[in-house]
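The structure under discussion appears below in the form of C-alpha cells.
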Amino acid sequence: MFFSPHPVKKDAIIKEFYSLGTIVQFKAYGNKASQAIDKAIDKIKDIDNKMSVFKDYSELSKININAGKAPTKVGEDTYFVIKKAVEYSALSGGAFDPTIRPVVGLWGIQTDHARIPNNDEIDEAINLVNYKDIILDEKVSSIMLKSKKQELDVGAIAKGFAADEVKNIFKKNKIESAIIDLGGNIFAMGNKIDGTPWKIGIQDPIRSLGEFVGIVSVKNKSVVTSGNYERYFIRDGKRFHHIIDPLTGNPSEKGILSTTIVSDHSIDGDALSTCAFVMGLERGMELIESLKGVDAIFITENKMIYTTSGIKENFELLNNNFYYKN
Ligand code: FAD
Ligand code: MG
C-alpha cells in the first residue's frame with residue numbers, strides 16, 4: 001500500500017468577502033488552500049480596482065472619461081476582457097454590447113435612484129451604444145471609445161474572467177477541488193473531495209433566493225446564470241430588471257426568466273449567459289448549440305425549462321412548479 005507523505009487536508013478552507021458588487025465565496029481543499037485563497041482575494045480586488053465603473057480611478061473609468069478624446073493605455077487583463085466582450089458582441093449580433101453603460105446608467109437599476117426613463121432619453125442613450133466604436137490597439141495595449149459620452153461596462157463578463165483567474169491561481173497551488181462563487185457566477189473545480197461530481201443548484205427564478213429548480217452535476221466546469229431576479233425594481237406591478245436589450249434600450253423582454261451556461265471557461269459562460277438572455281429562447285439556443293463544449297439551461301416565463309443536448313444527462317429537475325421535458 002502507498003502512503004503519501006503529505007496527505008491532502010480533508011477539511012475545506014472557506015473564505016467570504018465583498019467585491020465586484022457581490023458576495024464572493026471560495027471553498028478549497030488542499031495543503032496550500034489558505035495561501036491560495038489569500039492570493040485569489042488579492043487578484044479579485046485588483047480586477048475590481050481596474051474594471052469597476054463604480055470607481056473613478058479604474059482603467060475602465062479612464063477609458064470612459066477619455067471617450068472621443070484619446071486612447072487609454074490599459075493592463076493586459078482589462079485589454080483581454082474588452083477584446084473578449086467585443087468578440088461576444090459580434091457573435092451575438094449586438095445582443096451583448098459592453099457600450100451599454102449610458103442606458104444602464106439611465107435606468108439606475110443598481111442604485112437608489114432607479115426610475116423609468118422617457119423615450120427621448122432612451123433614444124439619446126441608445127445612439128451611444130455600439131461595440132463597433134471600441135477602438136482596440138493591441139500593439140500599445142490601448143482602448144478608445146470613438147465618441148464623447150460613450151461608456152463601457154464589463155458587468156456582464158468580468159466576473160467570469162475573475163473566476164477563471166482564481167481557478168488558475170488555485171491550479172498553480174495544487175488545489176484539485178474547489179468552489180469559486182462570485183455571486184452566482186460559479187466555477188466548480190475538479191470533483192468533490194469524495195470523488196463524485198459537484199452538484200450546482202440552479203436558482204428558482206420566481207421564488208426567493210436559495211430555492212432551486214434543479215441541479216447540474218459537473219466536474220471542472222463553470223456554471224453561470226443571468227436572471228431577471230438578480231437586480232430589479234418594481235413599478236405598478238411590473239418588474240424592470242438589469243439586462244438591457246440594446247435594440248430597445250429597455251430591460252430585455254423575450255419571455256426568459258434566466259439563462260444558465262455550463263462551459264470550460266467562465267468568461268465565456270458569463271458573456272454567453274447575457275447573450276442568450278437577450279437573444280431569447282430560439283436564437284439563444286441556436287447560438288449555444290453551435291458552440292462546442294458549451295451548454296445552456298433556459299427557464300421561461302411560462303415555467304418551462306429547456307436544455308441543450310449536451311447537458312440533458314447532467315440536469316435533474318427538483319421543483320414541480322416547472323415543466324421539463326428531458
Ligand atoms: P449579467 O447578465 O452577467 O450582466 C448584466 C450586467 O451587465 C448589467 O447589470 C449591466 O451592468 C450590464 N448589461 C446589461 N445589459 C447588457 C447587454 N445587453 N450587454 C452587455 N452588458 C449588459 N455592483 C454594485 O452595485 N456596486 C459595485 O461597486 C460594483 N462593482 C463592480 C465591479 C466590477 C469589476 C464588476 C464586474 C461588477 C461590479 N458590480 C457592482 C456589479 C455589476 O454592476 C453588475 O450588476 C453585475 O456584474 C451583473 O452580473 P450578473 O451576473 O447578475 O448579470
Ligand atoms: Mg453575464
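Chains: A, B, ... in order of the C-alpha cells. Residues: from 1 per chain. Ligands: from 1, in order shown.
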request  = Residues up to 6 Å from ligand 2, counting only C-alpha atoms and all ligand atoms: could you list those as a list in words?
outcome  = Ala156, Ile157, Ser226, Asp270, Ala271, Ser273 and Thr274 of chain A
Interface rows for chain A against ligand 1: nearest pair, Å to one decimal, 8 Å, only C-alpha atoms and all ligand atoms, as a Markdown table:
| residue | atom | partner | partner_atom_place_in_ligand_line | distance |
| --- | --- | --- | --- | --- |
| A:Ser19 | CA | ligand 1 | 30 (N) | 6.9 |
| A:Leu20 | CA | ligand 1 | 31 (C) | 3.7 |
| A:Gly21 | CA | ligand 1 | 40 (C) | 3.4 |
| A:Thr22 | CA | ligand 1 | 41 (C) | 6.7 |
| A:Ile47 | CA | ligand 1 | 34 (C) | 6.0 |
| A:Asp48 | CA | ligand 1 | 34 (C) | 4.1 |
| A:Asn49 | CA | ligand 1 | 34 (C) | 7.0 |
| A:Lys50 | CA | ligand 1 | 34 (C) | 7.1 |
| A:Met51 | CA | ligand 1 | 34 (C) | 4.4 |
| A:Ser52 | CA | ligand 1 | 32 (C) | 3.9 |
| A:Val53 | CA | ligand 1 | 32 (C) | 6.5 |
| A:Phe54 | CA | ligand 1 | 28 (O) | 5.1 |
| A:Lys55 | CA | ligand 1 | 28 (O) | 7.4 |
| A:Ser89 | CA | ligand 1 | 19 (N) | 7.7 |
| A:Gly94 | CA | ligand 1 | 18 (N) | 7.7 |
| A:Ala95 | CA | ligand 1 | 18 (N) | 5.4 |
| A:Phe96 | CA | ligand 1 | 19 (N) | 3.6 |
| A:Asp97 | CA | ligand 1 | 19 (N) | 4.0 |
| A:Pro98 | CA | ligand 1 | 20 (C) | 4.6 |
| A:Thr99 | CA | ligand 1 | 20 (C) | 7.3 |
| A:Ile100 | CA | ligand 1 | 22 (C) | 5.9 |
| A:Arg101 | CA | ligand 1 | 11 (O) | 6.7 |
| A:Val104 | CA | ligand 1 | 10 (C) | 6.1 |
| A:Ile109 | CA | ligand 1 | 9 (O) | 7.7 |
| A:Gln110 | CA | ligand 1 | 25 (O) | 5.4 |
| A:Thr111 | CA | ligand 1 | 25 (O) | 7.0 |
| A:Asp153 | CA | ligand 1 | 11 (O) | 5.9 |
| A:Val154 | CA | ligand 1 | 36 (C) | 5.6 |
| A:Gly155 | CA | ligand 1 | 47 (O) | 3.5 |
| A:Ala156 | CA | ligand 1 | 4 (O) | 3.3 |
| A:Ile157 | CA | ligand 1 | 3 (O) | 5.8 |
| A:Ala158 | CA | ligand 1 | 36 (C) | 4.4 |
| A:Lys159 | CA | ligand 1 | 36 (C) | 5.0 |
| A:Gly183 | CA | ligand 1 | 51 (O) | 7.4 |
| A:Gly184 | CA | ligand 1 | 51 (O) | 7.0 |
| A:Asn185 | CA | ligand 1 | 51 (O) | 6.4 |
| A:Val224 | CA | ligand 1 | 51 (O) | 7.3 |
| A:Thr225 | CA | ligand 1 | 51 (O) | 6.4 |
| A:Ser226 | CA | ligand 1 | 2 (O) | 4.3 |
| A:Gly227 | CA | ligand 1 | 52 (O) | 6.7 |
| A:Glu230 | CA | ligand 1 | 52 (O) | 5.4 |
| A:Arg231 | CA | ligand 1 | 52 (O) | 6.9 |
| A:His242 | CA | ligand 1 | 9 (O) | 4.9 |
| A:Ile243 | CA | ligand 1 | 15 (N) | 3.9 |
| A:Ile244 | CA | ligand 1 | 15 (N) | 3.8 |
| A:Asp245 | CA | ligand 1 | 18 (N) | 5.1 |
| A:Pro246 | CA | ligand 1 | 18 (N) | 5.5 |
| A:Pro251 | CA | ligand 1 | 15 (N) | 7.7 |
| A:Asp270 | CA | ligand 1 | 3 (O) | 5.4 |
| A:Ala271 | CA | ligand 1 | 3 (O) | 6.5 |
| A:Ser273 | CA | ligand 1 | 2 (O) | 6.3 |
| A:Thr274 | CA | ligand 1 | 2 (O) | 4.3 |
| A:Cys275 | CA | ligand 1 | 18 (N) | 7.0 |
| A:Phe277 | CA | ligand 1 | 2 (O) | 7.6 |
| A:Val278 | CA | ligand 1 | 18 (N) | 6.4 |
Write out as a PDB file with N, CA, C and O atoms, in the first residue's frame the residues lying within 12 Å of segment 206-213 of chain A, counting only C-alpha atoms and excluding same-chain residues fewer than 5 positions away.
ATOM      1  N   GLY A 183     -20.961  35.449  -6.494  1.00  0.00           N
ATOM      2  CA  GLY A 183     -22.357  35.857  -6.542  1.00  0.00           C
ATOM      3  C   GLY A 183     -23.155  35.135  -7.603  1.00  0.00           C
ATOM      4  O   GLY A 183     -23.784  35.768  -8.448  1.00  0.00           O
ATOM      5  N   GLY A 184     -23.107  33.827  -7.601  1.00  0.00           N
ATOM      6  CA  GLY A 184     -23.884  33.042  -8.569  1.00  0.00           C
ATOM      7  C   GLY A 184     -23.113  32.715  -9.840  1.00  0.00           C
ATOM      8  O   GLY A 184     -23.564  31.919 -10.652  1.00  0.00           O
ATOM      9  N   LYS A 199     -22.479  19.191  -7.349  1.00  0.00           N
ATOM     10  CA  LYS A 199     -23.882  19.421  -7.710  1.00  0.00           C
ATOM     11  C   LYS A 199     -24.178  20.894  -7.496  1.00  0.00           C
ATOM     12  O   LYS A 199     -24.116  21.389  -6.367  1.00  0.00           O
ATOM     13  N   ILE A 200     -24.478  21.573  -8.601  1.00  0.00           N
ATOM     14  CA  ILE A 200     -24.703  23.017  -8.522  1.00  0.00           C
ATOM     15  C   ILE A 200     -26.197  23.303  -8.686  1.00  0.00           C
ATOM     16  O   ILE A 200     -26.808  22.899  -9.680  1.00  0.00           O
ATOM     17  N   GLY A 201     -26.764  23.986  -7.704  1.00  0.00           N
ATOM     18  CA  GLY A 201     -28.195  24.315  -7.748  1.00  0.00           C
ATOM     19  C   GLY A 201     -28.473  25.432  -8.746  1.00  0.00           C
ATOM     20  O   GLY A 201     -27.732  26.410  -8.818  1.00  0.00           O
ATOM     21  N   GLY A 227     -30.125  36.291 -14.577  1.00  0.00           N
ATOM     22  CA  GLY A 227     -31.543  36.184 -14.268  1.00  0.00           C
ATOM     23  C   GLY A 227     -32.195  37.542 -14.084  1.00  0.00           C
ATOM     24  O   GLY A 227     -31.524  38.515 -13.708  1.00  0.00           O
ATOM     25  N   ASN A 228     -33.506  37.595 -14.324  1.00  0.00           N
ATOM     26  CA  ASN A 228     -34.208  38.875 -14.177  1.00  0.00           C
ATOM     27  C   ASN A 228     -34.479  39.181 -12.706  1.00  0.00           C
ATOM     28  O   ASN A 228     -35.017  40.221 -12.372  1.00  0.00           O
ATOM     29  N   TYR A 229     -34.129  38.228 -11.824  1.00  0.00           N
ATOM     30  CA  TYR A 229     -34.369  38.396 -10.389  1.00  0.00           C
ATOM     31  C   TYR A 229     -33.132  38.936  -9.668  1.00  0.00           C
ATOM     32  O   TYR A 229     -33.174  39.214  -8.483  1.00  0.00           O
ATOM     33  N   GLU A 230     -32.008  39.063 -10.379  1.00  0.00           N
ATOM     34  CA  GLU A 230     -30.762  39.457  -9.713  1.00  0.00           C
ATOM     35  C   GLU A 230     -30.803  40.915  -9.241  1.00  0.00           C
ATOM     36  O   GLU A 230     -30.496  41.209  -8.099  1.00  0.00           O
ATOM     37  N   ARG A 239     -41.968  44.412 -13.392  1.00  0.00           N
ATOM     38  CA  ARG A 239     -40.566  44.282 -12.998  1.00  0.00           C
ATOM     39  C   ARG A 239     -39.640  44.859 -14.068  1.00  0.00           C
ATOM     40  O   ARG A 239     -39.760  44.553 -15.250  1.00  0.00           O
ATOM     41  N   ILE A 256     -37.896  35.284 -21.061  1.00  0.00           N
ATOM     42  CA  ILE A 256     -36.895  34.486 -20.331  1.00  0.00           C
ATOM     43  C   ILE A 256     -36.813  34.957 -18.874  1.00  0.00           C
ATOM     44  O   ILE A 256     -36.795  36.162 -18.612  1.00  0.00           O
ATOM     45  N   LEU A 257     -36.753  34.004 -17.947  1.00  0.00           N
ATOM     46  CA  LEU A 257     -36.518  34.357 -16.537  1.00  0.00           C
ATOM     47  C   LEU A 257     -35.039  34.216 -16.193  1.00  0.00           C
ATOM     48  O   LEU A 257     -34.478  35.019 -15.463  1.00  0.00           O
ATOM     49  N   SER A 258     -34.435  33.144 -16.727  1.00  0.00           N
ATOM     50  CA  SER A 258     -32.990  33.003 -16.500  1.00  0.00           C
ATOM     51  C   SER A 258     -32.353  32.111 -17.558  1.00  0.00           C
ATOM     52  O   SER A 258     -33.023  31.274 -18.174  1.00  0.00           O
ATOM     53  N   THR A 260     -28.734  29.808 -17.942  1.00  0.00           N
ATOM     54  CA  THR A 260     -27.532  29.298 -17.271  1.00  0.00           C
ATOM     55  C   THR A 260     -26.625  28.695 -18.336  1.00  0.00           C
ATOM     56  O   THR A 260     -27.093  27.952 -19.200  1.00  0.00           O
ATOM     57  N   ILE A 297     -29.114  26.133 -19.957  1.00  0.00           N
ATOM     58  CA  ILE A 297     -30.423  25.825 -19.377  1.00  0.00           C
ATOM     59  C   ILE A 297     -31.220  27.135 -19.435  1.00  0.00           C
ATOM     60  O   ILE A 297     -30.789  28.137 -18.857  1.00  0.00           O
ATOM     61  N   PHE A 298     -32.326  27.130 -20.156  1.00  0.00           N
ATOM     62  CA  PHE A 298     -33.191  28.305 -20.251  1.00  0.00           C
ATOM     63  C   PHE A 298     -34.430  28.061 -19.378  1.00  0.00           C
ATOM     64  O   PHE A 298     -35.023  26.987 -19.450  1.00  0.00           O
ATOM     65  N   ILE A 299     -34.815  29.054 -18.595  1.00  0.00           N
ATOM     66  CA  ILE A 299     -36.090  28.971 -17.867  1.00  0.00           C
ATOM     67  C   ILE A 299     -36.964  30.120 -18.364  1.00  0.00           C
ATOM     68  O   ILE A 299     -36.541  31.280 -18.356  1.00  0.00           O
ATOM     69  N   THR A 300     -38.167  29.773 -18.842  1.00  0.00           N
ATOM     70  CA  THR A 300     -39.011  30.793 -19.470  1.00  0.00           C
ATOM     71  C   THR A 300     -40.140  31.239 -18.536  1.00  0.00           C
ATOM     72  O   THR A 300     -40.416  30.585 -17.520  1.00  0.00           O
ATOM     73  N   GLU A 301     -40.788  32.345 -18.926  1.00  0.00           N
ATOM     74  CA  GLU A 301     -41.866  32.912 -18.098  1.00  0.00           C
ATOM     75  C   GLU A 301     -43.027  31.947 -17.927  1.00  0.00           C
ATOM     76  O   GLU A 301     -43.731  32.011 -16.924  1.00  0.00           O
ATOM     77  N   ASN A 302     -43.219  31.053 -18.915  1.00  0.00           N
ATOM     78  CA  ASN A 302     -44.306  30.080 -18.740  1.00  0.00           C
ATOM     79  C   ASN A 302     -43.835  28.813 -18.015  1.00  0.00           C
ATOM     80  O   ASN A 302     -44.416  27.743 -18.168  1.00  0.00           O
ATOM     81  N   LYS A 303     -42.757  28.981 -17.236  1.00  0.00           N
ATOM     82  CA  LYS A 303     -42.260  27.942 -16.319  1.00  0.00           C
ATOM     83  C   LYS A 303     -41.801  26.666 -17.025  1.00  0.00           C
ATOM     84  O   LYS A 303     -41.957  25.563 -16.499  1.00  0.00           O
ATOM     85  N   MET A 304     -41.295  26.839 -18.228  1.00  0.00           N
ATOM     86  CA  MET A 304     -40.719  25.707 -18.950  1.00  0.00           C
ATOM     87  C   MET A 304     -39.204  25.769 -18.817  1.00  0.00           C
ATOM     88  O   MET A 304     -38.621  26.852 -18.782  1.00  0.00           O
ATOM     89  N   ILE A 305     -38.592  24.588 -18.778  1.00  0.00           N
ATOM     90  CA  ILE A 305     -37.127  24.518 -18.749  1.00  0.00           C
ATOM     91  C   ILE A 305     -36.662  23.830 -20.021  1.00  0.00           C
ATOM     92  O   ILE A 305     -37.176  22.778 -20.400  1.00  0.00           O
ATOM     93  N   PHE A 315     -28.595  17.193 -15.872  1.00  0.00           N
ATOM     94  CA  PHE A 315     -29.540  18.096 -15.217  1.00  0.00           C
ATOM     95  C   PHE A 315     -30.674  17.307 -14.581  1.00  0.00           C
ATOM     96  O   PHE A 315     -31.248  16.424 -15.198  1.00  0.00           O
ATOM     97  N   GLU A 316     -30.973  17.642 -13.332  1.00  0.00           N
ATOM     98  CA  GLU A 316     -32.054  16.948 -12.634  1.00  0.00           C
ATOM     99  C   GLU A 316     -33.053  17.968 -12.098  1.00  0.00           C
ATOM    100  O   GLU A 316     -32.672  18.896 -11.374  1.00  0.00           O
ATOM    101  N   LEU A 317     -34.329  17.804 -12.481  1.00  0.00           N
ATOM    102  CA  LEU A 317     -35.382  18.710 -12.009  1.00  0.00           C
ATOM    103  C   LEU A 317     -35.741  18.384 -10.560  1.00  0.00           C
ATOM    104  O   LEU A 317     -35.921  17.223 -10.209  1.00  0.00           O
ATOM    105  N   LEU A 318     -35.855  19.407  -9.716  1.00  0.00           N
ATOM    106  CA  LEU A 318     -36.192  19.163  -8.308  1.00  0.00           C
ATOM    107  C   LEU A 318     -37.510  19.814  -7.920  1.00  0.00           C
ATOM    108  O   LEU A 318     -37.973  19.658  -6.806  1.00  0.00           O
ATOM    109  N   ASN A 319     -38.084  20.591  -8.853  1.00  0.00           N
ATOM    110  CA  ASN A 319     -39.145  21.500  -8.471  1.00  0.00           C
ATOM    111  C   ASN A 319     -40.348  21.334  -9.404  1.00  0.00           C
ATOM    112  O   ASN A 319     -40.251  21.593 -10.602  1.00  0.00           O
ATOM    113  N   ASN A 320     -41.470  20.918  -8.833  1.00  0.00           N
ATOM    114  CA  ASN A 320     -42.638  20.598  -9.655  1.00  0.00           C
ATOM    115  C   ASN A 320     -43.385  21.813 -10.193  1.00  0.00           C
ATOM    116  O   ASN A 320     -44.325  21.676 -10.966  1.00  0.00           O
ATOM    117  N   ASN A 321     -42.982  23.001  -9.786  1.00  0.00           N
ATOM    118  CA  ASN A 321     -43.619  24.206 -10.342  1.00  0.00           C
ATOM    119  C   ASN A 321     -43.177  24.462 -11.768  1.00  0.00           C
ATOM    120  O   ASN A 321     -43.722  25.311 -12.460  1.00  0.00           O
ATOM    121  N   PHE A 322     -42.131  23.735 -12.191  1.00  0.00           N
ATOM    122  CA  PHE A 322     -41.588  23.942 -13.530  1.00  0.00           C
ATOM    123  C   PHE A 322     -41.735  22.662 -14.342  1.00  0.00           C
ATOM    124  O   PHE A 322     -41.736  21.557 -13.795  1.00  0.00           O
ATOM    125  N   TYR A 323     -41.850  22.841 -15.639  1.00  0.00           N
ATOM    126  CA  TYR A 323     -42.029  21.692 -16.513  1.00  0.00           C
ATOM    127  C   TYR A 323     -40.764  21.475 -17.341  1.00  0.00           C
ATOM    128  O   TYR A 323     -40.269  22.397 -17.994  1.00  0.00           O
ATOM    129  N   TYR A 324     -40.261  20.271 -17.298  1.00  0.00           N
ATOM    130  CA  TYR A 324     -39.043  19.969 -18.052  1.00  0.00           C
ATOM    131  C   TYR A 324     -39.231  18.666 -18.793  1.00  0.00           C
ATOM    132  O   TYR A 324     -39.480  17.622 -18.196  1.00  0.00           O
TER     133      TYR A 324
END
task = Would you list the contacts of Leu91 of chain A as a ChimeraX atom specification, taking every protein, DNA or RNA residue within 12 Å and counting only C-alpha atoms, but skipping same-chain residues closer than 6 positions in sequence?
result = /A:84-85,97,131,268,271-272,275-276,279,283-284,286-288,290-291
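Omitting Pro117 of chain A and its sequence neighbours fewer than 6 positions away, and counting only C-alpha atoms, the residues within 12 Å are Pro102, Val103, Val104, Gly105, Leu106, Trp107, Gly108, Ile109, Asp123, Glu124, Ala125, Phe240, Gly249, Asn250 and Pro251 of chain A.
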Keeping only C-alpha atoms, take the residues you just selected and write them out as a PDB file, in the first residue's frame.
ATOM      1  CA  PRO A 102     -25.248  55.028 -20.861  1.00  0.00           C
ATOM      2  CA  VAL A 103     -28.542  53.083 -20.973  1.00  0.00           C
ATOM      3  CA  VAL A 104     -27.799  51.156 -17.762  1.00  0.00           C
ATOM      4  CA  GLY A 105     -26.963  54.454 -16.038  1.00  0.00           C
ATOM      5  CA  LEU A 106     -30.250  55.974 -17.197  1.00  0.00           C
ATOM      6  CA  TRP A 107     -32.334  53.230 -15.586  1.00  0.00           C
ATOM      7  CA  GLY A 108     -30.195  53.344 -12.432  1.00  0.00           C
ATOM      8  CA  ILE A 109     -31.223  49.778 -11.681  1.00  0.00           C
ATOM      9  CA  ASP A 123     -33.244  57.160 -27.772  1.00  0.00           C
ATOM     10  CA  GLU A 124     -30.409  59.527 -26.921  1.00  0.00           C
ATOM     11  CA  ALA A 125     -28.649  56.889 -24.795  1.00  0.00           C
ATOM     12  CA  PHE A 240     -37.733  46.280 -14.545  1.00  0.00           C
ATOM     13  CA  GLY A 249     -32.928  50.344 -24.505  1.00  0.00           C
ATOM     14  CA  ASN A 250     -35.404  48.582 -22.201  1.00  0.00           C
ATOM     15  CA  PRO A 251     -34.965  45.533 -19.967  1.00  0.00           C
TER      16      PRO A 251
END
query = What are the DSSP strand (DSSP E) residues of segment 70-311 of chain A, as a ChimeraX atom specification?
reply = /A:72-73,134-137,142-145,177-182,185-189,198-203,212-218,221-227,232-235,238-241,244-245,250-251,256-263,295-300,304-307
ask   = Residues at most 8 Å from Phe161 of chain A, counting only C-alpha atoms, excluding those fewer than 6 positions away in the same chain, as a PyMOL selection string?
value = chain A and resi 81+266-267
Let me see the file: selected residues, all heavy atoms, as a PDB file, in the first residue's frame.
ATOM      1  N   VAL A  81     -10.290  41.402 -21.411  1.00  0.00           N
ATOM      2  CA  VAL A  81     -11.742  41.362 -21.139  1.00  0.00           C
ATOM      3  C   VAL A  81     -12.511  42.174 -22.193  1.00  0.00           C
ATOM      4  O   VAL A  81     -13.535  41.721 -22.720  1.00  0.00           O
ATOM      5  CB  VAL A  81     -12.050  41.856 -19.698  1.00  0.00           C
ATOM      6  CG1 VAL A  81     -13.548  42.065 -19.487  1.00  0.00           C
ATOM      7  CG2 VAL A  81     -11.520  40.850 -18.679  1.00  0.00           C
ATOM      8  N   SER A 266     -15.122  30.437 -17.585  1.00  0.00           N
ATOM      9  CA  SER A 266     -16.206  31.229 -17.018  1.00  0.00           C
ATOM     10  C   SER A 266     -16.409  32.543 -17.771  1.00  0.00           C
ATOM     11  O   SER A 266     -17.529  33.065 -17.804  1.00  0.00           O
ATOM     12  CB  SER A 266     -15.910  31.491 -15.538  1.00  0.00           C
ATOM     13  OG  SER A 266     -17.088  31.732 -14.847  1.00  0.00           O
ATOM     14  N   ILE A 267     -15.367  33.058 -18.393  1.00  0.00           N
ATOM     15  CA  ILE A 267     -15.544  34.301 -19.168  1.00  0.00           C
ATOM     16  C   ILE A 267     -16.530  34.059 -20.304  1.00  0.00           C
ATOM     17  O   ILE A 267     -17.378  34.898 -20.615  1.00  0.00           O
ATOM     18  CB  ILE A 267     -14.190  34.876 -19.673  1.00  0.00           C
ATOM     19  CG1 ILE A 267     -14.395  36.291 -20.248  1.00  0.00           C
ATOM     20  CG2 ILE A 267     -13.513  33.963 -20.700  1.00  0.00           C
ATOM     21  CD1 ILE A 267     -13.107  37.086 -20.443  1.00  0.00           C
TER      22      ILE A 267
END
ask   = Looking at only C-alpha atoms, which of A:Lys15, A:Lys312, A:Lys238, A:Lys167 is the one that sits closest to Ile215 of chain A?
value = A:Lys312
note = Of A:Ser92, A:Ala114, A:Ile234, A:Tyr57, the one sitting nearest Met285 of chain A when using only C-alpha atoms is A:Ser92
key: Backbone DSSP call of helix (DSSP H, G or I) for segment 92-153 of chain A, listed as a ChimeraX atom specification   = /A:101-107,119-126,131-133
